[in-house]
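Structure first, commentary second.
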Amino acid sequence: MAEALGPAVRAHNLRKVYRVAEKEPGFADTLRHFVRRRYREVEAVRGVSFVIEPGEIVGFLGANGAGKTTTLKMLTGLIYPSGGELEVLGHVPYRREAAFLRQITLVMGNKQQLIWDLPVLDSLRINAAVYEIDPAEARRRTRAFAELLEIEDILTQPVRKLSLGQRMKAELMASLFHLPRLLFLDEPTLGLDVNAQAAVRRFLRDYRERYGATILLTSHYMADIEALAERVLVIHRGALLYDGGLGGLVERFAPFKEVRLELAAPAEPAELAGFGEVAEASGRRVRLLVTKEGLTRTVAELLSRFEVRDLSVTEPPLEDVIARVFSEGRV
Amino acid sequence: MRWLVRKAWTLVAVYFAYMLEYRGEIFFWMLSGITPFFFMSAWTAAANQGLTGYDANDYARYFFAVFVARQLGIVWAHWNMSEDVRSGRFSFRLLQPLDPVWHYLADHVGERGVRLPMLAVVGLVFAWLYPEALVWPGAERAALGLVAVGLAFGVNFFASYVVGLLALWLEDATSIYNLWYVAMLFFSGMLAPLALYPDPVRQVLAWTPFPHLVYLPAAIWSGLEADATRGLLTLLAWNLFFFTLGRLLWHLGRRHYSAMGA
Ligand SMILES: Nc1ncnc2c1ncn2[C@@H]1O[C@H](COP(=O)(O)OP(=O)(O)OP(=O)(O)O)[C@@H](O)[C@H]1O
Ligand SMILES: [Mg+2]
């Protein structure tokens with residue numbers, strides 16, 4: 001795989017406005033809709049700029065409807081940007097040049113490319129031909145991928161008979177069969193159980209180590225992001241809020257620690273409120289969010305005010321931090 | 001070149017396997033296409049009473065040829081495309097370095113592989129029922145008829161693909177194709193040999209693709225009057241027309257495509 005010079009992705013002021021036909025329910029409105037359509041503009045992505053260097057793994061975070069999928073669709077050339085500049089591996093994605101398409105892939109956790117009524121192997125045969133992979137090489141790849149994903153024994157079964165987890169692994173196999181060096185993954189672990197999620201993450205890490213691939217990944221499971229991403233982009237209502245390390249996000253957005261207490265006697269939430277934000281107070285077990293500056297003082301006060309059996313101070317769960325980012329829309 | 005052949009072969013082979021899964025549906029679909037045989041009985045009855053210029057065997061031969069021509073010309077690219085857009089599969093097609101239309105074409109060619117043997121069985125049954133009606137038209141006419149069928153398939157396919165491309169704008173474009181089907185029904189010779197239509201009507205129709213889609217090959221095969229040169233040239237022109245329109249809509253529609261629901 002030849003290394004292209006320059007960044008893997010360069011997006012500048014990237015925008016996408018969808019035009020959606022409005023339609024009210026009811027017969028009269030259906031008729032009106034038929035005669036004269038009214039359109040509403042949805043600004044899905046509003047001026048997003050970022051650069052991804054070759055070899056990076058970047059997590060793409062945002063609430064439902066924030067514009068993640070729309071951005072990925074522009075980066076992969078599926079849809080036409082409404083504005084801004086975009087260069088991916090030195091190509092303009094929308095042109096769909098073969099040299100570009102051969103180097104990228106897009107995995108969509110809620111969509112499938114495999115042919116429903118045929119065995120996985122048949123879909124792989126098509127991919128092998130389309131991407132001009134030699135039959136011997138294709139067989140070798142099939143074996144290697146199937147082994148890594150532990151799906152050797154299901155490749156000859158019709159796709160419709162596979163479980164969700166098996167199908168997702170097979171989808172991943174088909175999507176990476178041409179050994180792309182730039183991977184766009186849109187919720188690749190959607191709906192999978194914990195084991196399957198871990199297996200997919202392992203596979204992706206392995207793939208990246210082996211082929212030095214660049215990855216941009218969205219997921220609503222923070223475990224995916226924590227396990228894979230070194231850097232995150234946070235998008236909120238179509239605008240980029242944060243671009244940097246995962247630790248930095250926690251630092252900047254959650255300048256607090258979590259204090260867990262086990263008390264000798266139950267305490268009223270009202271009694272605790274003065275010490276910090278009460279995350280949980282069920283009888284004797286208490287979770288408090290305390291600002292970092294006031295931490296030592298607060299802990300000292302807690303110890304003198306209550307009879308404390310156990311106390312620990314930790315980073316708040318990433319899930320909570322992200323939830324705050326999304327609900328407040330700022331970092 | 002080597003890869004071109006391999007791509008074509010693989011696509012057709014896999015879609016053939018896919019269509020084999022649906023052989024039952026294809027069989028019933030083919031049975032639903034036997035309407036020409038109903039018109040055949042009506043026209044043969046009329047012929048037996050000396051009401052028309054052809055005799056009963058002429059009609060049997062003609063309508064059998066109509067049936068075959070129609071079966072070889074059946075297309076559903078509009079459905080392929082609408083379904084792909086609706087289900088989101090179209091996005092995966094766009095990700096591959098191959099124009100999606102090749103998938104749809106391979107789908108049709110693979111299906112012919114399943115339909116042809118069934119068609120042969122229907123032919124045997126027909127030959128057994130109407131032994132005098134089936135006459136070998138000679139190699140030259142048989143081949144000419146096949147060329148006409150091939151060009152007719154092209155027109156049908158590209159027209160259907162053009163309708164399918166409208167799915168990039170509309171949510172469902174498949175019903176628009178019904179218009180094409182109605183025109184086929186009345187103007188292609190499926191109801192009656194076009195030689196029986198009034199002259200002015202025939203002159204106008206000759207410029208449209210419809211009479212050449214079914215009547216032309218059927219007439220060539222069954223030995224009815226047909227202007228083959230003009231018919232084939234007209235089909236060629238319509239092929240170019242729908243192909244060009246398709247390329248144009250493809251470029252315009254891609255800009256419009258929003259990859260719904262991901
Ligand atoms: N094809 C479309 N046509 C019109 N509007 C769309 C289309 N796709 C997305 N949108 C709108 O654009 C906005 C961004 O959607 P997008 O799918 O990019 O969000 P997302 O970040 O991927 O969300 P999720 O986490 O739910 O997948 C939403 O308001 C959505 O309703
Ligand atoms: Mg999404």
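Each chain in the structure tokens gets a letter, A, B, ..., in the order shown, and its residues are numbered from 1; ligands are numbered from 1 in order too.
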Show me, as a compact mmCIF listing (two decimals) with C-alpha atoms, in the first residue's frame, the residues that have an atom within 12 Å of B:Pro36 when counting only C-alpha atoms, minus same-chain residues fewer than 6 positions from it.
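The resulting file, part_35.txt, is shown below:
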```
# COMPACT_ATOMS: atom_id res chain seq x y z
CA MET B 30 -43.70 -16.62 -16.32
CA ALA B 42 -59.73 -15.24 -29.54
CA TRP B 43 -58.01 -14.51 -32.83
CA THR B 44 -57.91 -18.16 -33.93
CA TYR B 59 -52.12 -16.74 -35.17
CA ALA B 60 -50.83 -19.60 -33.06
CA ARG B 61 -47.34 -19.11 -34.45
CA TYR B 62 -47.47 -15.34 -34.03
CA PHE B 63 -48.70 -15.37 -30.45
CA PHE B 64 -46.21 -18.02 -29.44
CA ALA B 65 -43.46 -15.83 -30.89
CA VAL B 66 -44.97 -12.88 -28.99
CA PHE B 67 -44.84 -14.87 -25.80
CA VAL B 68 -41.15 -15.74 -26.30
CA ALA B 69 -40.16 -12.22 -27.32
CA ARG B 70 -41.96 -10.80 -24.31
CA GLN B 71 -40.39 -13.30 -21.89
CA LEU B 185 -49.67 -3.68 -23.97
CA SER B 188 -46.37 -3.52 -29.08
CA GLY B 189 -48.50 -6.15 -30.77
CA MET B 190 -49.25 -8.15 -27.66
CA LEU B 191 -53.02 -7.81 -28.20
CA ALA B 192 -53.11 -8.27 -31.93
CA PRO B 193 -50.72 -8.35 -34.87
CA VAL B 214 -42.48 -7.31 -29.35
CA TYR B 215 -44.05 -7.18 -32.78
CA ALA B 218 -42.39 -11.94 -33.29
```
### Message
Any residue with an atom at most 9 Å from ligand 1 counts, using only C-alpha atoms and all ligand atoms. Which are they? Put them as a VMD selection string.
### Response
(chain A and resid 16 to 21 41 to 45 61 to 73 186 to 187 218 to 220 235 to 238) or (chain B and resid 257 to 262)
Show me which bits of chain A are within 6 Å of chain B, counting only C-alpha atoms, as a PDB file with all heavy atoms, in the first residue's frame.
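Once everything was written out, this is iface_24.pdb:
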```
ATOM      1  N   ILE A  79     -22.669  11.380  -0.646  1.00  0.00           N
ATOM      2  CA  ILE A  79     -23.513  12.557  -0.879  1.00  0.00           C
ATOM      3  C   ILE A  79     -22.651  13.780  -1.184  1.00  0.00           C
ATOM      4  O   ILE A  79     -21.452  13.810  -0.890  1.00  0.00           O
ATOM      5  CB  ILE A  79     -24.456  12.855   0.318  1.00  0.00           C
ATOM      6  CG1 ILE A  79     -23.656  13.155   1.577  1.00  0.00           C
ATOM      7  CG2 ILE A  79     -25.412  11.697   0.543  1.00  0.00           C
ATOM      8  CD1 ILE A  79     -24.537  13.602   2.732  1.00  0.00           C
ATOM      9  N   TYR A  80     -23.315  14.734  -1.767  1.00  0.00           N
ATOM     10  CA  TYR A  80     -22.640  15.926  -2.268  1.00  0.00           C
ATOM     11  C   TYR A  80     -22.663  17.017  -1.194  1.00  0.00           C
ATOM     12  O   TYR A  80     -23.736  17.406  -0.735  1.00  0.00           O
ATOM     13  CB  TYR A  80     -23.392  16.395  -3.509  1.00  0.00           C
ATOM     14  CG  TYR A  80     -22.679  17.428  -4.318  1.00  0.00           C
ATOM     15  CD1 TYR A  80     -21.629  17.063  -5.151  1.00  0.00           C
ATOM     16  CD2 TYR A  80     -23.054  18.759  -4.255  1.00  0.00           C
ATOM     17  CE1 TYR A  80     -20.970  18.022  -5.899  1.00  0.00           C
ATOM     18  CE2 TYR A  80     -22.398  19.717  -5.002  1.00  0.00           C
ATOM     19  CZ  TYR A  80     -21.357  19.336  -5.824  1.00  0.00           C
ATOM     20  OH  TYR A  80     -20.700  20.274  -6.563  1.00  0.00           O
ATOM     21  N   ALA A  98     -11.894   5.463  -9.002  1.00  0.00           N
ATOM     22  CA  ALA A  98     -11.594   4.088  -8.589  1.00  0.00           C
ATOM     23  C   ALA A  98     -10.409   4.051  -7.632  1.00  0.00           C
ATOM     24  O   ALA A  98     -10.429   3.339  -6.628  1.00  0.00           O
ATOM     25  CB  ALA A  98     -11.336   3.223  -9.813  1.00  0.00           C
ATOM     26  N   LEU A 101     -11.812   4.912  -4.241  1.00  0.00           N
ATOM     27  CA  LEU A 101     -12.726   3.926  -3.666  1.00  0.00           C
ATOM     28  C   LEU A 101     -12.004   2.649  -3.225  1.00  0.00           C
ATOM     29  O   LEU A 101     -12.395   2.006  -2.258  1.00  0.00           O
ATOM     30  CB  LEU A 101     -13.823   3.585  -4.676  1.00  0.00           C
ATOM     31  CG  LEU A 101     -14.775   4.745  -5.006  1.00  0.00           C
ATOM     32  CD1 LEU A 101     -15.766   4.340  -6.088  1.00  0.00           C
ATOM     33  CD2 LEU A 101     -15.517   5.220  -3.754  1.00  0.00           C
ATOM     34  N   ALA A 129     -13.939  -9.893  -7.163  1.00  0.00           N
ATOM     35  CA  ALA A 129     -13.875  -9.551  -8.586  1.00  0.00           C
ATOM     36  C   ALA A 129     -13.877  -8.035  -8.773  1.00  0.00           C
ATOM     37  O   ALA A 129     -13.058  -7.496  -9.523  1.00  0.00           O
ATOM     38  CB  ALA A 129     -15.048 -10.177  -9.330  1.00  0.00           C
TER      39      ALA A 129
END
```
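Atom to atom, atom CA of A:Val9 and atom CA of A:Ile52 stand 5.0 Å apart.
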### Task
Could you give me, as a ChimeraX atom specification, the residues within 6 Å of A:Leu233, counting only C-alpha atoms and dropping anything in the same chain fewer than 3 positions from it?
/A:60,242-243
### DSSP strand (DSSP E) selection over stretch 40-205 of chain A, as a PyMOL selection string
chain A and resi 40-52+57-61+83-88+104-108+182-186
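Between atom CA of B:Ala56 and atom CA of B:Ala133 there is a distance of 8.4 Å.
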### Task
Per DSSP on the backbone, filter stretch 27-261 of chain B down to the residues in alpha helix (DSSP H) and report them as a PyMOL selection string.
chain B and resi 27-31+35-48+56-73+77-87+89-95+101-129+139-165+177-187+199-205+210-222+228-256
### Query
Which neighbours of A:Glu258 fall inside 8 Å, counting only C-alpha atoms, when residues of the same chain fewer than 3 positions from it are skipped, and could you give them as number ranges by chain?
A: 287-290, 313-316
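The space between atom CA of B:Val182 and atom CA of B:Phe241 spans 20.3 Å.
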### Message
Would you pick out the contacts of A:Pro7 at 10 Å or less, using only C-alpha atoms, so that residues sharing its chain but fewer than 3 positions from it are not included, and give the list as a list in words?
### Response
Ala4, Arg10, Val51, Ile52, Glu53, Pro54, Gly55, Glu87, Val88, Leu89 and Gly90 of chain A
